[in-house]
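Have a look at final-v6.tsv below; it lists TSV, C-alpha atoms.
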chain	number	residue	atom	x	y	z
A	1473	MET	CA	108.85	116.57	96.58
A	1474	ARG	CA	106.99	113.96	98.62
A	1475	VAL	CA	105.17	110.83	97.52
A	1476	PHE	CA	102.21	109.57	99.53
A	1477	ALA	CA	100.47	106.21	99.30
A	1478	ILE	CA	96.80	106.69	100.16
A	1479	GLY	CA	94.81	103.70	101.41
A	1480	ASP	CA	91.29	102.56	100.51
A	1481	ILE	CA	88.61	105.28	100.81
A	1482	HIS	CA	85.26	103.50	100.32
A	1483	GLY	CA	83.04	106.54	99.92
A	1484	GLY	CA	84.38	108.38	102.96
A	1485	LEU	CA	84.83	111.89	101.57
A	1486	LYS	CA	84.88	113.54	105.01
A	1487	ALA	CA	87.76	111.32	106.07
A	1488	LEU	CA	89.64	111.87	102.81
A	1489	VAL	CA	89.45	115.66	103.11
A	1490	GLN	CA	90.51	115.46	106.75
A	1491	LEU	CA	93.50	113.30	105.84
A	1492	LEU	CA	94.65	115.54	103.00
A	1493	ASN	CA	94.46	118.58	105.29
A	1494	LYS	CA	96.69	116.77	107.78
A	1495	LEU	CA	99.22	115.97	105.06
A	1496	GLU	CA	99.56	119.72	104.32
A	1497	LEU	CA	100.14	119.09	100.63
A	1498	LYS	CA	102.64	121.20	98.75
A	1499	GLU	CA	103.22	121.90	95.09
A	1500	GLY	CA	105.12	119.00	93.60
A	1501	ASP	CA	103.75	116.33	95.93
A	1502	THR	CA	102.56	113.08	94.36
A	1503	LEU	CA	99.56	111.14	95.63
A	1504	ILE	CA	99.27	107.45	94.76
A	1505	PHE	CA	95.80	106.18	95.57
A	1506	MET	CA	95.60	102.44	96.14
A	1507	GLY	CA	92.05	101.92	94.85
A	1508	ASP	CA	88.56	101.24	96.21
A	1509	TYR	CA	87.28	104.80	96.06
A	1510	VAL	CA	83.66	103.70	96.34
A	1511	ASP	CA	81.31	101.37	98.25
A	1512	GLY	CA	80.68	101.64	101.96
A	1513	TRP	CA	79.92	105.15	103.18
A	1514	SER	CA	77.42	107.51	101.61
A	1515	GLU	CA	79.67	109.74	99.48
A	1516	SER	CA	81.13	107.49	96.79
A	1517	ALA	CA	80.12	109.65	93.84
A	1518	GLN	CA	81.30	112.70	95.75
A	1519	VAL	CA	84.69	111.06	96.35
A	1520	VAL	CA	85.14	110.46	92.63
A	1521	GLN	CA	84.10	114.03	91.84
A	1522	PHE	CA	86.60	115.32	94.41
A	1523	LEU	CA	89.45	113.17	93.06
A	1524	ILE	CA	88.84	114.36	89.51
A	1525	ALA	CA	89.18	117.95	90.73
A	1526	LEU	CA	92.19	117.11	92.93
A	1527	SER	CA	94.07	115.66	89.97
A	1528	LYS	CA	93.99	119.07	88.31
A	1529	THR	CA	96.06	120.54	91.16
A	1530	PHE	CA	98.35	117.70	92.25
A	1531	ASN	CA	100.12	114.83	90.55
A	1532	CYS	CA	97.74	111.96	91.25
A	1533	ILE	CA	98.16	108.33	90.30
A	1534	PHE	CA	95.00	106.29	90.65
A	1535	ILE	CA	95.14	102.51	91.02
A	1536	LYS	CA	92.03	100.42	90.25
A	1537	GLY	CA	90.43	98.34	93.02
A	1538	ASN	CA	87.86	95.58	92.85
A	1539	HIS	CA	85.04	97.85	94.05
A	1540	ASP	CA	85.95	100.34	91.33
A	1541	ILE	CA	85.54	97.60	88.71
A	1542	TRP	CA	82.02	96.88	89.91
A	1543	CYS	CA	81.01	100.55	89.96
A	1544	GLU	CA	82.56	101.13	86.54
A	1545	GLU	CA	80.53	98.28	85.07
A	1546	TRP	CA	77.32	99.66	86.60
A	1547	LEU	CA	77.99	103.12	85.18
A	1548	ARG	CA	78.64	101.59	81.78
A	1549	THR	CA	75.71	99.15	81.59
A	1550	GLU	CA	73.34	100.02	84.47
A	1551	GLU	CA	73.41	96.32	85.33
A	1552	VAL	CA	73.73	95.61	89.05
A	1553	ASN	CA	76.16	92.91	90.15
A	1554	PRO	CA	74.46	91.17	93.12
A	1555	THR	CA	77.76	90.71	94.98
A	1556	TRP	CA	78.59	94.37	94.51
A	1557	TYR	CA	75.13	95.45	95.67
A	1558	MET	CA	75.55	93.57	98.96
A	1559	HIS	CA	79.06	94.89	99.60
A	1560	GLY	CA	78.59	98.62	99.30
A	1561	GLY	CA	77.12	98.93	95.83
A	1562	LYS	CA	73.71	99.94	97.16
A	1563	GLU	CA	75.22	102.95	98.92
A	1564	SER	CA	77.25	103.89	95.84
A	1565	MET	CA	74.19	103.78	93.61
A	1566	GLU	CA	72.30	106.00	96.05
A	1567	SER	CA	75.19	108.49	96.14
A	1568	TYR	CA	74.68	109.14	92.43
A	1569	SER	CA	71.20	110.56	93.03
A	1570	GLY	CA	71.23	114.07	91.60
A	1571	PHE	CA	74.27	113.53	89.37
A	1572	SER	CA	73.66	114.35	85.73
A	1573	ALA	CA	74.19	111.96	82.84
A	1574	GLU	CA	77.18	114.04	81.79
A	1575	GLU	CA	78.76	113.77	85.25
A	1576	LYS	CA	78.23	110.00	85.24
A	1577	VAL	CA	80.05	109.79	81.90
A	1578	GLN	CA	82.94	111.75	83.41
A	1579	HIS	CA	83.06	109.32	86.31
A	1580	LEU	CA	82.98	106.34	83.97
A	1581	GLN	CA	85.93	107.82	82.13
A	1582	PHE	CA	87.73	108.25	85.46
A	1583	PHE	CA	87.26	104.56	86.25
A	1584	GLU	CA	88.34	103.54	82.74
A	1585	ARG	CA	91.62	105.46	83.14
A	1586	LEU	CA	92.57	103.83	86.45
A	1587	LYS	CA	95.89	101.94	86.38
A	1588	MET	CA	96.13	98.25	87.17
A	1589	TYR	CA	99.48	98.96	88.83
A	1590	HIS	CA	102.26	101.54	88.94
A	1591	ILE	CA	106.03	101.09	89.16
A	1592	ASP	CA	108.01	104.22	90.00
A	1593	ASP	CA	111.57	105.18	89.08
A	1594	LYS	CA	112.88	103.59	92.30
A	1595	ASN	CA	111.36	100.22	91.38
A	1596	ARG	CA	108.56	100.47	93.94
A	1597	LEU	CA	105.36	98.71	92.95
A	1598	PHE	CA	101.87	99.99	93.79
A	1599	LEU	CA	98.78	97.87	93.23
A	1600	HIS	CA	95.47	97.25	94.91
A	1601	ALA	CA	95.67	93.63	96.01
A	1602	GLY	CA	98.48	91.34	94.90
A	1603	PHE	CA	99.91	89.09	92.21
A	1604	THR	CA	100.94	85.46	91.96
A	1605	SER	CA	103.47	85.25	89.10
A	1606	MET	CA	107.02	84.52	90.22
A	1607	HIS	CA	108.09	86.59	87.20
A	1608	GLY	CA	106.51	89.79	88.54
A	1609	VAL	CA	103.33	91.76	88.11
A	1610	GLU	CA	103.99	92.44	84.42
A	1611	ARG	CA	103.71	88.70	83.73
A	1612	GLU	CA	100.52	88.13	85.70
A	1613	VAL	CA	98.24	86.02	83.50
A	1614	PHE	CA	94.94	86.66	85.28
A	1615	THR	CA	94.22	90.39	85.48
A	1616	ASN	CA	91.63	89.98	88.23
A	1617	THR	CA	94.39	88.76	90.53
A	1618	LEU	CA	95.69	92.32	90.73
A	1619	PHE	CA	92.38	93.43	92.24
A	1620	PHE	CA	91.44	90.43	94.39
A	1621	ASP	CA	94.55	88.46	95.42
A	1622	ARG	CA	95.33	88.21	99.13
A	1623	THR	CA	97.97	85.47	98.94
A	1624	LEU	CA	100.84	87.93	98.40
A	1625	TRP	CA	100.11	89.63	101.71
A	1626	GLU	CA	99.29	86.41	103.55
A	1627	MET	CA	102.57	84.88	102.37
A	1628	ALA	CA	104.57	87.88	103.57
A	1629	LEU	CA	102.90	87.78	106.97
A	1630	THR	CA	103.90	84.18	107.53
A	1631	MET	CA	107.53	84.52	106.40
A	1632	ASP	CA	110.25	83.79	108.92
A	1633	LYS	CA	112.07	87.04	109.68
A	1634	SER	CA	115.39	85.27	109.25
A	1635	ILE	CA	114.71	84.65	105.54
A	1636	THR	CA	116.43	87.55	103.78
A	1637	GLU	CA	116.39	88.57	100.14
A	1638	ASN	CA	119.69	86.72	99.56
A	1639	SER	CA	118.22	83.43	100.76
A	1640	ALA	CA	117.15	80.76	98.29
A	1641	LEU	CA	113.94	80.52	100.34
A	1642	TYR	CA	112.98	84.16	99.72
A	1643	PRO	CA	109.87	84.24	97.44
A	1644	LYS	CA	110.84	85.02	93.87
A	1645	ARG	CA	107.87	87.29	93.29
A	1646	LEU	CA	109.09	89.66	96.01
A	1647	LYS	CA	112.57	89.99	94.50
A	1648	HIS	CA	111.41	91.99	91.49
A	1649	TYR	CA	110.64	95.18	93.43
A	1650	ASN	CA	112.39	97.21	96.11
A	1651	GLU	CA	109.08	97.79	97.87
A	1652	ILE	CA	105.46	96.85	97.25
A	1653	TYR	CA	102.50	98.93	98.42
A	1654	ILE	CA	99.00	97.44	98.60
A	1655	GLY	CA	95.49	98.06	99.90
A	1656	HIS	CA	92.52	95.68	99.72
A	1657	THR	CA	93.13	93.64	102.91
A	1658	PRO	CA	92.31	95.79	105.96
A	1659	THR	CA	94.97	95.82	108.65
A	1660	THR	CA	92.06	95.93	111.10
A	1661	ASN	CA	91.52	92.25	110.22
A	1662	TYR	CA	94.62	91.68	112.36
A	1663	GLY	CA	93.64	94.04	115.17
A	1664	VAL	CA	95.91	96.80	113.81
A	1665	ASP	CA	94.67	100.27	112.82
A	1666	VAL	CA	97.95	101.56	111.31
A	1667	PRO	CA	99.91	100.52	108.20
A	1668	MET	CA	101.59	97.11	108.43
A	1669	ASN	CA	104.91	95.96	107.00
A	1670	ALA	CA	105.86	92.38	106.16
A	1671	ALA	CA	108.96	91.51	104.11
A	1672	ASN	CA	109.16	94.36	101.55
A	1673	ILE	CA	105.38	94.90	101.45
A	1674	TRP	CA	103.52	97.81	103.03
A	1675	ASN	CA	99.76	97.51	103.53
A	1676	VAL	CA	98.08	100.92	103.83
A	1677	ASP	CA	94.44	99.80	103.91
A	1678	THR	CA	93.59	100.58	107.53
A	1679	GLY	CA	89.95	99.55	107.43
A	1680	ALA	CA	88.13	102.64	106.19
A	1681	ALA	CA	85.33	100.48	104.82
A	1682	PHE	CA	84.54	99.25	108.31
A	1683	LYS	CA	85.57	100.76	111.67
A	1684	GLY	CA	89.00	102.03	110.69
A	1685	LYS	CA	90.61	105.11	109.14
A	1686	ILE	CA	92.03	106.37	105.86
A	1687	THR	CA	95.82	106.48	105.88
A	1688	GLY	CA	98.35	108.51	103.91
A	1689	MET	CA	101.99	107.38	104.15
A	1690	ASP	CA	105.11	109.22	102.98
A	1691	ILE	CA	106.79	106.30	101.24
A	1692	ASP	CA	110.29	107.69	101.70
A	1693	THR	CA	110.13	108.40	105.44
A	1694	LYS	CA	107.33	105.95	106.35
A	1695	VAL	CA	105.71	108.73	108.39
A	1696	PHE	CA	101.94	108.51	108.07
A	1697	MET	CA	98.84	110.51	108.88
A	1698	GLN	CA	95.30	109.23	109.40
A	1699	SER	CA	91.76	110.46	109.40
A	1700	ASP	CA	89.44	109.90	112.32
A	1701	THR	CA	87.58	106.60	112.27
A	1702	LEU	CA	84.93	106.52	109.59
A	1703	PRO	CA	82.05	105.62	111.96
A	1704	SER	CA	82.85	108.74	114.00
A	1705	LEU	CA	82.61	110.88	110.86
A	1706	TYR	CA	79.43	109.17	109.64
A	1707	PRO	CA	77.67	108.43	112.96
A	1708	ASN	CA	74.30	107.69	111.39
A	1709	GLU	CA	75.67	105.13	108.94
A	1710	LYS	CA	77.03	101.60	109.17
A	1711	GLY	CA	79.42	101.56	106.21
A	1712	ARG	CA	80.19	97.93	105.47
A	1713	ASN	CA	79.98	96.97	109.14
A	1714	LYS	CA	76.60	95.41	108.36
A	1715	ASP	CA	78.23	92.72	106.19

Could you express the structure from this file as structure tokens?
Amino acid sequence: MRVFAIGDIHGGLKALVQLLNKLELKEGDTLIFMGDYVDGWSESAQVVQFLIALSKTFNCIFIKGNHDIWCEEWLRTEEVNPTWYMHGGKESMESYSGFSAEEKVQHLQFFERLKMYHIDDKNRLFLHAGFTSMHGVEREVFTNTLFFDRTLWEMALTMDKSITENSALYPKRLKHYNEIYIGHTPTTNYGVDVPMNAANIWNVDTGAAFKGKITGMDIDTKVFMQSDTLPSLYPNEKGRNKD
């Protein structure tokens, strides 16, 4: 049995299907999706539809991302958040053209069921963005932090490699979990198009919203597969590269 962490998708169904084919999934495999299924490329609604079907065949754990919150709210109220609209929401709304009211309700229910975080039986934490509480993610006071925080990752990137877990200087919030897996902050921001590791954190968002790829990592072996770049799969679109 293998467990894969799947990075941000952002409406790139072609890339998602390509990645899953490369992973050569087997019965018993678990897929942990790190959030941000929508906003960017033209197939957001189609991604959600695909994931709903996929979860009937494989053990899928779906984490909620900030873009998923915005799309969920639109499906519930039909009110358009201006920030969301400018950062991929327009494309997501257009992708729902032709979807029935019943299908939209099913998608709303999908978003409502998404997990804020997941901790597995080996004390590995999976969440979209980060957390700030030194007592761990379960004690995070502000829920939105789980979807938007970048300080966890930024802190890990700046840590001196000589500071080990046994050091008094090692950040308390990292000590609660054996490993932490996140998305949200594209590794392409740092000129890297593969997963990045800092301290005990693995970042598997490899920039699918922009010029990067979707990544799937075997969390036990750290072997990963990737799709082609999203612009190459959607040559007539800009994704969020227009932002």

Using all atoms listed in the file, which residues of region 1553-1665 of chain A come within 10 Å of region 1475-1485 of chain A, and what is the closest atom pair for each, with the distance in Å to one decimal? Give it as a Markdown table, sorted by chain and residue number.
| residue | atom | partner | partner_atom | distance |
| --- | --- | --- | --- | --- |
| A:Gly1560 | CA | A:His1482 | CA | 8.3 |
| A:Glu1563 | CA | A:Gly1483 | CA | 8.7 |
| A:Ser1564 | CA | A:Gly1483 | CA | 7.6 |
| A:Ser1567 | CA | A:Gly1483 | CA | 8.9 |
| A:Phe1598 | CA | A:Ala1477 | CA | 8.4 |
| A:His1600 | CA | A:Asp1480 | CA | 8.8 |
| A:Tyr1653 | CA | A:Ala1477 | CA | 7.6 |
| A:Ile1654 | CA | A:Gly1479 | CA | 8.0 |
| A:Gly1655 | CA | A:Gly1479 | CA | 5.9 |
| A:His1656 | CA | A:Asp1480 | CA | 7.0 |
| A:Thr1657 | CA | A:Asp1480 | CA | 9.4 |
| A:Pro1658 | CA | A:Asp1480 | CA | 8.8 |

What residues have an atom no more than 12 Å from (98.8, 87.1, 103.7) in the file's own frame, counting all atoms listed in the file, and can you write them as a count of residues only? 28

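Separating CA of Pro1707 (chain A) from CA of Asn1493 (chain A) is a distance of 21.1 Å.
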
Sort by chain and increasing residue number a table of all residues of region 1638-1710 of chain A within 12 Å of region 1494-1512 of chain A, each with its closest pair of atoms and their distance in Å to one decimal, counting all atoms listed in the file, and write it as JSON lines.
{"residue": "A:Ile1652", "atom": "CA", "partner": "A:Met1506", "partner_atom": "CA", "distance": 11.4}
{"residue": "A:Tyr1653", "atom": "CA", "partner": "A:Met1506", "partner_atom": "CA", "distance": 8.1}
{"residue": "A:Ile1654", "atom": "CA", "partner": "A:Met1506", "partner_atom": "CA", "distance": 6.5}
{"residue": "A:Gly1655", "atom": "CA", "partner": "A:Met1506", "partner_atom": "CA", "distance": 5.8}
{"residue": "A:His1656", "atom": "CA", "partner": "A:Asp1508", "partner_atom": "CA", "distance": 7.7}
{"residue": "A:Thr1657", "atom": "CA", "partner": "A:Asp1508", "partner_atom": "CA", "distance": 11.1}
{"residue": "A:Pro1658", "atom": "CA", "partner": "A:Asp1508", "partner_atom": "CA", "distance": 11.8}
{"residue": "A:Trp1674", "atom": "CA", "partner": "A:Met1506", "partner_atom": "CA", "distance": 11.5}
{"residue": "A:Asn1675", "atom": "CA", "partner": "A:Met1506", "partner_atom": "CA", "distance": 9.8}
{"residue": "A:Val1676", "atom": "CA", "partner": "A:Met1506", "partner_atom": "CA", "distance": 8.2}
{"residue": "A:Asp1677", "atom": "CA", "partner": "A:Met1506", "partner_atom": "CA", "distance": 8.3}
{"residue": "A:Thr1678", "atom": "CA", "partner": "A:Met1506", "partner_atom": "CA", "distance": 11.7}
{"residue": "A:Gly1679", "atom": "CA", "partner": "A:Gly1512", "partner_atom": "CA", "distance": 11.0}
{"residue": "A:Ala1680", "atom": "CA", "partner": "A:Gly1512", "partner_atom": "CA", "distance": 8.6}
{"residue": "A:Ala1681", "atom": "CA", "partner": "A:Gly1512", "partner_atom": "CA", "distance": 5.6}
{"residue": "A:Phe1682", "atom": "CA", "partner": "A:Gly1512", "partner_atom": "CA", "distance": 7.8}
{"residue": "A:Lys1683", "atom": "CA", "partner": "A:Gly1512", "partner_atom": "CA", "distance": 10.9}
{"residue": "A:Ile1686", "atom": "CA", "partner": "A:Phe1505", "partner_atom": "CA", "distance": 11.0}
{"residue": "A:Thr1687", "atom": "CA", "partner": "A:Leu1495", "partner_atom": "CA", "distance": 10.1}
{"residue": "A:Gly1688", "atom": "CA", "partner": "A:Leu1495", "partner_atom": "CA", "distance": 7.6}
{"residue": "A:Met1689", "atom": "CA", "partner": "A:Leu1495", "partner_atom": "CA", "distance": 9.1}
{"residue": "A:Asp1690", "atom": "CA", "partner": "A:Leu1495", "partner_atom": "CA", "distance": 9.2}
{"residue": "A:Ile1691", "atom": "CA", "partner": "A:Ile1504", "partner_atom": "CA", "distance": 10.0}
{"residue": "A:Asp1692", "atom": "CA", "partner": "A:Thr1502", "partner_atom": "CA", "distance": 11.9}
{"residue": "A:Val1695", "atom": "CA", "partner": "A:Leu1495", "partner_atom": "CA", "distance": 10.3}
{"residue": "A:Phe1696", "atom": "CA", "partner": "A:Leu1495", "partner_atom": "CA", "distance": 8.5}
{"residue": "A:Met1697", "atom": "CA", "partner": "A:Leu1495", "partner_atom": "CA", "distance": 6.7}
{"residue": "A:Gln1698", "atom": "CA", "partner": "A:Lys1494", "partner_atom": "CA", "distance": 7.8}
{"residue": "A:Ser1699", "atom": "CA", "partner": "A:Lys1494", "partner_atom": "CA", "distance": 8.2}
{"residue": "A:Asp1700", "atom": "CA", "partner": "A:Lys1494", "partner_atom": "CA", "distance": 11.0}
{"residue": "A:Leu1702", "atom": "CA", "partner": "A:Gly1512", "partner_atom": "CA", "distance": 10.0}
{"residue": "A:Pro1703", "atom": "CA", "partner": "A:Gly1512", "partner_atom": "CA", "distance": 10.8}
{"residue": "A:Tyr1706", "atom": "CA", "partner": "A:Gly1512", "partner_atom": "CA", "distance": 10.8}
{"residue": "A:Glu1709", "atom": "CA", "partner": "A:Gly1512", "partner_atom": "CA", "distance": 9.3}
{"residue": "A:Lys1710", "atom": "CA", "partner": "A:Gly1512", "partner_atom": "CA", "distance": 8.1}

Would you compute the distance between CA of Glu1544 (chain A) and CA of Leu1580 (chain A)? Give it in Å to one decimal. 5.8 Å

Pick out the residues sitting within 8 Å of Met1588 (chain A), and hand them over as a VMD selection string; count only C-alpha atoms, and ignore anything fewer than 6 positions along from it in its own chain. chain A and resid 1535 to 1536 1599 to 1600 1618 to 1619
